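What's in protein.txt: compact mmCIF, C-alpha atoms
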# COMPACT_ATOMS: atom_id res chain seq x y z
CA MET A 1 -11.09 1.02 7.58
CA LYS A 2 -11.44 -2.77 7.49
CA PHE A 3 -7.87 -3.29 8.67
CA THR A 4 -8.84 -1.88 12.08
CA GLU A 5 -12.06 -3.89 12.52
CA TYR A 6 -12.23 -7.08 14.60
CA ALA A 7 -8.88 -6.12 16.04
CA ASP A 8 -7.82 -9.30 17.80
CA GLY A 9 -4.30 -10.69 17.51
CA GLN A 10 -1.02 -9.22 16.31
CA PHE A 11 -1.15 -6.62 13.53
CA LEU A 12 1.57 -5.04 11.38
CA GLU A 13 1.40 -1.71 9.57
CA ILE A 14 4.13 -1.14 6.98
CA GLY A 15 4.82 2.46 6.05
CA ALA A 16 2.72 3.71 8.94
CA ALA A 17 3.80 7.37 8.79
CA PHE A 18 1.98 9.08 11.67
CA GLY A 19 -0.08 5.97 12.28
CA TYR A 20 -3.76 6.80 11.71
CA ALA A 21 -4.62 3.16 11.00
CA THR A 22 -2.38 1.92 13.81
CA MET A 23 -4.12 4.20 16.31
CA LYS A 24 -7.56 2.94 15.23
CA ALA A 25 -6.42 -0.68 15.55
CA LEU A 26 -5.01 -0.01 19.02
CA GLU A 27 -8.28 1.66 19.98
CA ASN A 28 -10.10 -1.51 18.93
CA GLY A 29 -7.84 -3.74 21.02
CA ALA A 30 -5.15 -4.97 18.62
CA LYS A 31 -1.47 -5.41 19.33
CA VAL A 32 0.37 -3.51 16.60
CA ILE A 33 3.89 -3.31 15.24
CA ALA A 34 4.12 -0.04 13.30
CA ASN A 35 6.90 0.29 10.74
CA ASP A 36 8.24 3.35 8.96
CA MET A 37 11.62 4.42 7.59
CA ASP A 38 11.36 7.83 9.31
CA ILE A 39 12.02 7.58 13.05
CA ARG A 40 10.34 10.97 13.54
CA HIS A 41 7.01 9.54 12.39
CA LEU A 42 7.34 6.67 14.83
CA GLU A 43 8.28 8.95 17.72
CA HIS A 44 5.16 11.01 17.03
CA LEU A 45 3.08 7.82 16.97
CA GLU A 46 4.60 6.53 20.21
CA ASP A 47 3.83 9.83 21.92
CA ALA A 48 0.23 9.85 20.68
CA ALA A 49 -0.35 6.25 21.77
CA SER A 50 1.20 6.88 25.18
CA LYS A 51 -1.04 9.88 25.81
CA LEU A 52 -4.10 7.71 25.19
CA GLY A 53 -2.81 4.85 27.33
CA TYR A 54 -2.31 2.38 24.47
CA SER A 55 0.40 -0.02 25.63
CA GLU A 56 0.19 -2.67 22.89
CA LEU A 57 2.39 -0.79 20.41
CA GLU A 58 5.83 -1.60 19.09
CA THR A 59 7.61 0.51 16.48
CA LEU A 60 10.20 -0.57 13.96
CA ALA A 61 12.31 1.87 11.94
CA ALA A 62 13.36 -0.17 8.90
CA GLU A 63 13.09 -0.31 5.13
CA PHE A 64 10.55 -2.82 3.87
CA PRO A 65 11.08 -5.62 3.09
CA HIS A 66 14.80 -6.37 3.26
CA GLU A 67 15.43 -4.76 6.66
CA MET A 68 12.48 -6.56 8.23
CA GLY A 69 12.36 -10.13 9.42
CA PHE A 70 9.56 -11.88 11.29
CA PRO A 71 8.86 -15.53 12.03
CA ALA A 72 6.38 -17.25 9.77
CA LYS A 73 2.70 -16.96 10.73
CA SER A 74 3.27 -13.98 13.05
CA PHE A 75 0.39 -11.64 12.11
CA ARG A 76 -3.38 -11.71 11.91
CA LYS A 77 -3.50 -8.63 9.67
CA ILE A 78 -0.94 -6.60 7.71
CA LEU A 79 -1.50 -3.19 6.10
CA ILE A 80 0.69 -1.69 3.37
CA SER A 81 -0.78 1.65 2.35
CA ARG A 82 0.67 3.89 -0.37
CA VAL A 83 4.04 2.10 -0.44
CA LEU A 84 4.08 -0.49 -3.22
CA HIS A 85 3.61 2.00 -6.06
CA PHE A 86 7.25 2.98 -5.48
CA PHE A 87 8.34 -0.64 -6.12
CA SER A 88 9.04 -2.34 -9.41
CA GLY A 89 6.82 -5.23 -10.38
CA GLU A 90 9.50 -7.76 -9.47
CA GLN A 91 9.99 -6.07 -6.09
CA ILE A 92 6.25 -6.22 -5.44
CA LYS A 93 6.23 -9.93 -6.29
CA ALA A 94 9.02 -10.66 -3.81
CA SER A 95 7.45 -8.44 -1.14
CA LEU A 96 4.06 -10.12 -1.39
CA GLN A 97 5.63 -13.56 -1.09
CA GLN A 98 7.46 -12.41 2.05
CA VAL A 99 4.32 -10.93 3.58
CA TYR A 100 2.34 -14.09 2.77
CA ASP A 101 4.80 -16.03 4.90
CA TRP A 102 4.37 -13.59 7.82
CA LEU A 103 0.58 -14.06 7.96
CA GLU A 104 -1.25 -16.58 10.09
CA PRO A 105 -3.46 -19.10 8.26
CA ASN A 106 -6.49 -17.12 7.05
CA GLY A 107 -4.66 -13.90 7.94
CA GLU A 108 -5.30 -10.91 5.72
CA LEU A 109 -3.18 -8.41 3.81
CA TYR A 110 -4.58 -4.95 3.05
CA VAL A 111 -2.89 -2.91 0.32
CA VAL A 112 -3.62 0.59 -1.02
CA CYS A 113 -1.79 1.91 -4.10
CA GLU A 114 -2.09 4.87 -6.43
CA THR A 115 -3.30 4.70 -10.02
CA THR A 116 -2.65 6.74 -13.13
CA PHE A 117 -6.25 7.99 -13.13
CA LEU A 118 -5.57 11.57 -12.03
CA THR A 119 -5.70 14.74 -14.11
CA ASN A 120 -1.96 15.37 -13.84
CA TRP A 121 -1.28 11.95 -15.43
CA LEU A 122 -3.68 12.33 -18.35
CA SER A 123 -0.81 12.26 -20.85
CA PHE A 124 0.30 8.84 -19.57
CA ILE A 125 -3.11 7.16 -19.63
CA PRO A 126 -3.06 6.38 -23.41
CA GLU A 127 0.44 4.90 -23.02
CA TYR A 128 -0.73 2.87 -20.04
CA GLU A 129 -3.70 1.49 -21.94
CA LYS A 130 -1.51 0.75 -24.97
CA ARG A 131 0.89 -1.24 -22.79
CA LYS A 132 -1.96 -3.19 -21.18
CA ALA A 133 -3.44 -4.03 -24.57
CA ALA A 134 -0.03 -5.29 -25.70
CA GLY A 135 0.20 -7.59 -22.67
CA VAL A 136 3.02 -5.74 -20.90
CA GLU A 137 3.23 -7.33 -17.45
CA PHE A 138 3.83 -4.13 -15.49
CA SER A 139 2.11 -1.49 -17.60
CA GLY A 140 2.32 1.22 -14.96
CA GLU A 141 6.09 1.24 -14.39
CA ILE A 142 7.55 4.66 -15.19
CA ASP A 143 11.29 5.29 -14.90
CA ASN A 144 10.99 8.85 -16.22
CA PRO A 145 7.97 10.33 -14.39
CA LYS A 146 8.89 13.93 -15.21
CA HIS A 147 8.46 13.16 -18.91
CA TRP A 148 4.76 12.48 -18.31
CA GLU A 149 3.91 14.77 -15.40
CA LYS A 150 4.70 18.49 -15.24
CA SER A 151 2.56 20.14 -12.56
CA TRP A 152 3.87 18.16 -9.55
CA SER A 153 7.14 16.93 -11.04
CA ASP A 154 9.39 18.59 -8.46
CA ASN A 155 7.91 16.27 -5.81
CA LEU A 156 8.18 13.06 -7.82
CA PRO A 157 10.73 10.28 -7.23
CA GLU A 158 12.78 8.87 -10.08
CA PHE A 159 10.46 5.87 -10.44
CA VAL A 160 6.76 5.21 -9.91
CA HIS A 161 4.54 2.24 -10.64
CA TRP A 162 0.85 2.94 -11.09
CA LEU A 163 -1.41 -0.04 -10.49
CA ASP A 164 -5.06 -0.90 -11.06
CA LYS A 165 -7.55 -3.60 -10.05
CA ASP A 166 -6.32 -6.01 -12.72
CA SER A 167 -2.60 -5.69 -12.05
CA LEU A 168 -2.95 -5.89 -8.26
CA SER A 169 -5.25 -8.90 -8.51
CA VAL A 170 -2.76 -10.79 -10.69
CA LEU A 171 0.11 -10.00 -8.30
CA PHE A 172 -1.90 -11.21 -5.30
CA GLU A 173 -3.00 -14.39 -7.03
CA LYS A 174 0.56 -15.22 -8.10
CA ALA A 175 1.68 -14.79 -4.47
CA GLY A 176 -0.92 -17.34 -3.39
CA PHE A 177 -3.56 -15.05 -1.90
CA GLU A 178 -7.28 -15.57 -2.06
CA ILE A 179 -8.72 -12.20 -3.09
CA VAL A 180 -11.38 -11.08 -0.63
CA GLU A 181 -12.10 -7.67 -2.14
CA VAL A 182 -10.61 -5.29 -4.68
CA ASP A 183 -11.93 -1.91 -5.76
CA TYR A 184 -11.05 1.66 -6.63
CA ILE A 185 -11.01 4.40 -3.98
CA ASN A 186 -12.58 7.77 -4.69
CA ARG A 187 -10.33 10.42 -3.15
CA LYS A 188 -12.80 13.30 -3.27
CA GLY A 189 -12.23 15.38 -0.13
CA GLN A 190 -8.79 13.81 0.37
CA PHE A 191 -6.89 14.86 -2.76
CA PRO A 192 -7.05 18.37 -4.27
CA ASP A 193 -10.11 18.71 -6.50
CA SER A 194 -7.84 19.72 -9.37
CA LEU A 195 -6.38 16.18 -9.42
CA LEU A 196 -9.64 14.26 -9.35
CA LEU A 197 -10.62 12.48 -12.56
CA ASP A 198 -13.26 9.77 -12.28
CA GLY A 199 -13.18 8.23 -8.80
CA ARG A 200 -10.37 5.76 -9.53
CA GLU A 201 -7.58 7.77 -7.90
CA SER A 202 -6.42 4.88 -5.69
CA VAL A 203 -6.95 1.14 -5.61
CA GLY A 204 -7.35 -1.11 -2.60
CA ILE A 205 -7.20 -4.88 -2.25
CA ILE A 206 -7.64 -7.42 0.54
CA GLY A 207 -5.99 -10.80 0.23
CA ARG A 208 -6.28 -13.80 2.54
CA ARG A 209 -3.64 -16.45 3.17
CA ARG A 210 -5.14 -19.71 2.00
CA ASP A 211 -3.68 -22.16 4.52

Would you put the structure from the file into structure tokens?
Amino acid sequence: MKFTEYADGQFLEIGAAFGYATMKALENGAKVIANDMDIRHLEHLEDAASKLGYSELETLAAEFPHEMGFPAKSFRKILISRVLHFFSGEQIKASLQQVYDWLEPNGELYVVCETTFLTNWLSFIPEYEKRKAAGVEFSGEIDNPKHWEKSWSDNLPEFVHWLDKDSLSVLFEKAGFEIVEVDYINRKGQFPDSLLLDGRESVGIIGRRRD
């Protein structure tokens, strides 16, 4: 994972869960603040880091972004993985602007989101493409997920927002980022085979603060 490479400086992981990326960054010598809303995840992470002798870890139990406040230019790298697809488009805009402020000059933001390109969302794909063709700004916003998805609907929240390379790129550019890389992520071996469609299950993007 590129977030964990060249791990000098202060890093931030938002929505860290059990902290796989945080642990790799610590292993490579970074100082990391790991955030999650669930204190149990952070306690597990603290215990794992302590057992391996990693002392450069802080944890923060808070809801991103409104319960988090950092001085400007605090972080070399920030990772937000599998979080923003639960945010509305306007919430993503505001969040990216906040994160931009937290990065050092030339600091980088790494984001991973989910897409609609899974077999259980096949019924939504034509609607998604119709919205995009009509110029709808946030084509992947769904405030009634259970209308479109039946097989996993009991585990769905009340709102989801599927993104793709185009929509994430526009959001990053509007927030002021220089786009370093953007591509789809093939989840074969990570997601159940029954959900795999065409290798576009997730989307990842790296943005760099320009100044």

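Using only C-alpha atoms, the shortest contact distance between Tyr54 in chain A and any of A:Ile33, A:Glu137, A:Arg76, A:Leu26 is found at A:Leu26.
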
For CA of Ala175 in chain A and CA of Pro105 in chain A, the interatomic separation in Å (one decimal):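 The value is 14.4 Å.
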
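Between CA of Lys2 in chain A and CA of Glu27 in chain A the separation is 13.6 Å.
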
Separation of CA of Ser95 in chain A from CA of Gly176 in chain A in Å: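 Distance between the two atoms: 12.4 Å.
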
Residues near Leu168 in chain A, cut-off 12 Å, all atoms listed in the file, skip fewer than 6 positions along chain, as a PyMOL selection string: chain A and resi 84-85+89+92-93+96+110-115+137-140+161-162+174-175+177+179+181-184+202-207

Contact residues around Thr22 in chain A with only C-alpha atoms at 9 Å, ignoring same-chain residues under 5 positions, as a PyMOL selection string: chain A and resi 4+11-13+16+27+30+32-34+45+57

Distance criterion (all atoms listed in the file): nearest to Pro157 in chain A out of A:Phe191, A:Tyr100, A:Phe87, A:Tyr128: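 Of A:Phe191, A:Tyr100, A:Phe87, A:Tyr128, the one nearest Pro157 in chain A, counting all atoms listed in the file, is A:Phe87.
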
Counting only C-alpha atoms, the option among A:Lys130, A:Lys146, A:Lys51, A:Arg209 closest to Gln98 in chain A: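 Once distances to Gln98 in chain A are computed over only C-alpha atoms, the minimum belongs to A:Arg209.
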
Residue nearest Glu173 in chain A among A:Gln97, A:Ser88, A:Asn106, A:Ser81 (counting all atoms listed in the file):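 Residue with the minimum atom-to-atom distance to Glu173 in chain A: A:Gln97.
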
Long-range neighbours of Glu5 in chain A as a ChimeraX atom specification, 9 Å cut-off, only C-alpha atoms, 4 positions minimum in chain: /A:1,24-25,28

Box for range 184-201 of chain A - axis-aligned, 5 Å on each of the six sides, all listed atoms - centre and size in Å to one decimal, as JSON.
{"center_x": -9.8, "center_y": 10.7, "center_z": -6.1, "size_x": 16.9, "size_y": 28.1, "size_z": 22.9}

Nearby residues (all atoms listed in the file) at most 10 Å from Glu46 in chain A, same-chain spacing under 6 positions excluded, as a ChimeraX atom specification: /A:18-19,23,34,40,54-55,57-59

Reconstruct range 110-132 of chain A at the level of N, CA and C atoms, and format the result as an mmCIF file, in the coordinates of the input.
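Heads up, here's the output in selection-v3.cif:
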data_model
loop_
_atom_site.group_PDB
_atom_site.id
_atom_site.type_symbol
_atom_site.label_atom_id
_atom_site.label_comp_id
_atom_site.auth_asym_id
_atom_site.auth_seq_id
_atom_site.Cartn_x
_atom_site.Cartn_y
_atom_site.Cartn_z
ATOM 1 N N TYR A 110 -3.847 -6.095 3.585
ATOM 2 C CA TYR A 110 -4.580 -4.950 3.050
ATOM 3 C C TYR A 110 -3.558 -4.042 2.360
ATOM 4 N N VAL A 111 -3.813 -3.733 1.094
ATOM 5 C CA VAL A 111 -2.890 -2.910 0.320
ATOM 6 C C VAL A 111 -3.666 -1.769 -0.342
ATOM 7 N N VAL A 112 -3.094 -0.562 -0.284
ATOM 8 C CA VAL A 112 -3.620 0.590 -1.020
ATOM 9 C C VAL A 112 -2.489 1.143 -1.883
ATOM 10 N N CYS A 113 -2.771 1.354 -3.168
ATOM 11 C CA CYS A 113 -1.790 1.910 -4.100
ATOM 12 C C CYS A 113 -2.436 3.033 -4.905
ATOM 13 N N GLU A 114 -1.593 3.803 -5.571
ATOM 14 C CA GLU A 114 -2.090 4.870 -6.430
ATOM 15 C C GLU A 114 -2.198 4.375 -7.871
ATOM 16 N N THR A 115 -3.069 5.031 -8.617
ATOM 17 C CA THR A 115 -3.300 4.700 -10.020
ATOM 18 C C THR A 115 -2.847 5.863 -10.909
ATOM 19 N N THR A 116 -2.953 5.658 -12.187
ATOM 20 C CA THR A 116 -2.650 6.740 -13.130
ATOM 21 C C THR A 116 -3.863 7.629 -13.404
ATOM 22 N N PHE A 117 -5.009 7.309 -12.778
ATOM 23 C CA PHE A 117 -6.250 7.990 -13.130
ATOM 24 C C PHE A 117 -6.427 9.281 -12.325
ATOM 25 N N LEU A 118 -5.527 10.226 -12.595
ATOM 26 C CA LEU A 118 -5.570 11.570 -12.030
ATOM 27 C C LEU A 118 -5.316 12.555 -13.167
ATOM 28 N N THR A 119 -5.793 13.769 -13.002
ATOM 29 C CA THR A 119 -5.700 14.740 -14.110
ATOM 30 C C THR A 119 -4.256 15.053 -14.478
ATOM 31 N N ASN A 120 -3.347 15.032 -13.514
ATOM 32 C CA ASN A 120 -1.960 15.370 -13.840
ATOM 33 C C ASN A 120 -1.234 14.230 -14.561
ATOM 34 N N TRP A 121 -1.873 13.065 -14.699
ATOM 35 C CA TRP A 121 -1.280 11.950 -15.430
ATOM 36 C C TRP A 121 -2.061 11.638 -16.714
ATOM 37 N N LEU A 122 -2.871 12.576 -17.156
ATOM 38 C CA LEU A 122 -3.680 12.330 -18.350
ATOM 39 C C LEU A 122 -2.822 11.967 -19.566
ATOM 40 N N SER A 123 -1.649 12.553 -19.684
ATOM 41 C CA SER A 123 -0.810 12.260 -20.850
ATOM 42 C C SER A 123 -0.283 10.834 -20.841
ATOM 43 N N PHE A 124 -0.215 10.207 -19.649
ATOM 44 C CA PHE A 124 0.300 8.840 -19.570
ATOM 45 C C PHE A 124 -0.795 7.800 -19.780
ATOM 46 N N ILE A 125 -2.043 8.156 -19.561
ATOM 47 C CA ILE A 125 -3.110 7.160 -19.630
ATOM 48 C C ILE A 125 -3.165 6.438 -20.980
ATOM 49 N N PRO A 126 -3.067 7.127 -22.128
ATOM 50 C CA PRO A 126 -3.060 6.380 -23.410
ATOM 51 C C PRO A 126 -1.885 5.410 -23.514
ATOM 52 N N GLU A 127 -0.717 5.797 -23.010
ATOM 53 C CA GLU A 127 0.440 4.900 -23.020
ATOM 54 C C GLU A 127 0.194 3.694 -22.128
ATOM 55 N N TYR A 128 -0.395 3.945 -20.984
ATOM 56 C CA TYR A 128 -0.730 2.870 -20.040
ATOM 57 C C TYR A 128 -1.678 1.871 -20.683
ATOM 58 N N GLU A 129 -2.721 2.372 -21.305
ATOM 59 C CA GLU A 129 -3.700 1.490 -21.940
ATOM 60 C C GLU A 129 -3.104 0.750 -23.132
ATOM 61 N N LYS A 130 -2.210 1.403 -23.854
ATOM 62 C CA LYS A 130 -1.510 0.750 -24.970
ATOM 63 C C LYS A 130 -0.663 -0.414 -24.457
ATOM 64 N N ARG A 131 0.067 -0.178 -23.363
ATOM 65 C CA ARG A 131 0.890 -1.240 -22.790
ATOM 66 C C ARG A 131 0.032 -2.418 -22.330
ATOM 67 N N LYS A 132 -1.081 -2.127 -21.651
ATOM 68 C CA LYS A 132 -1.960 -3.190 -21.180
ATOM 69 C C LYS A 132 -2.491 -4.011 -22.351
#
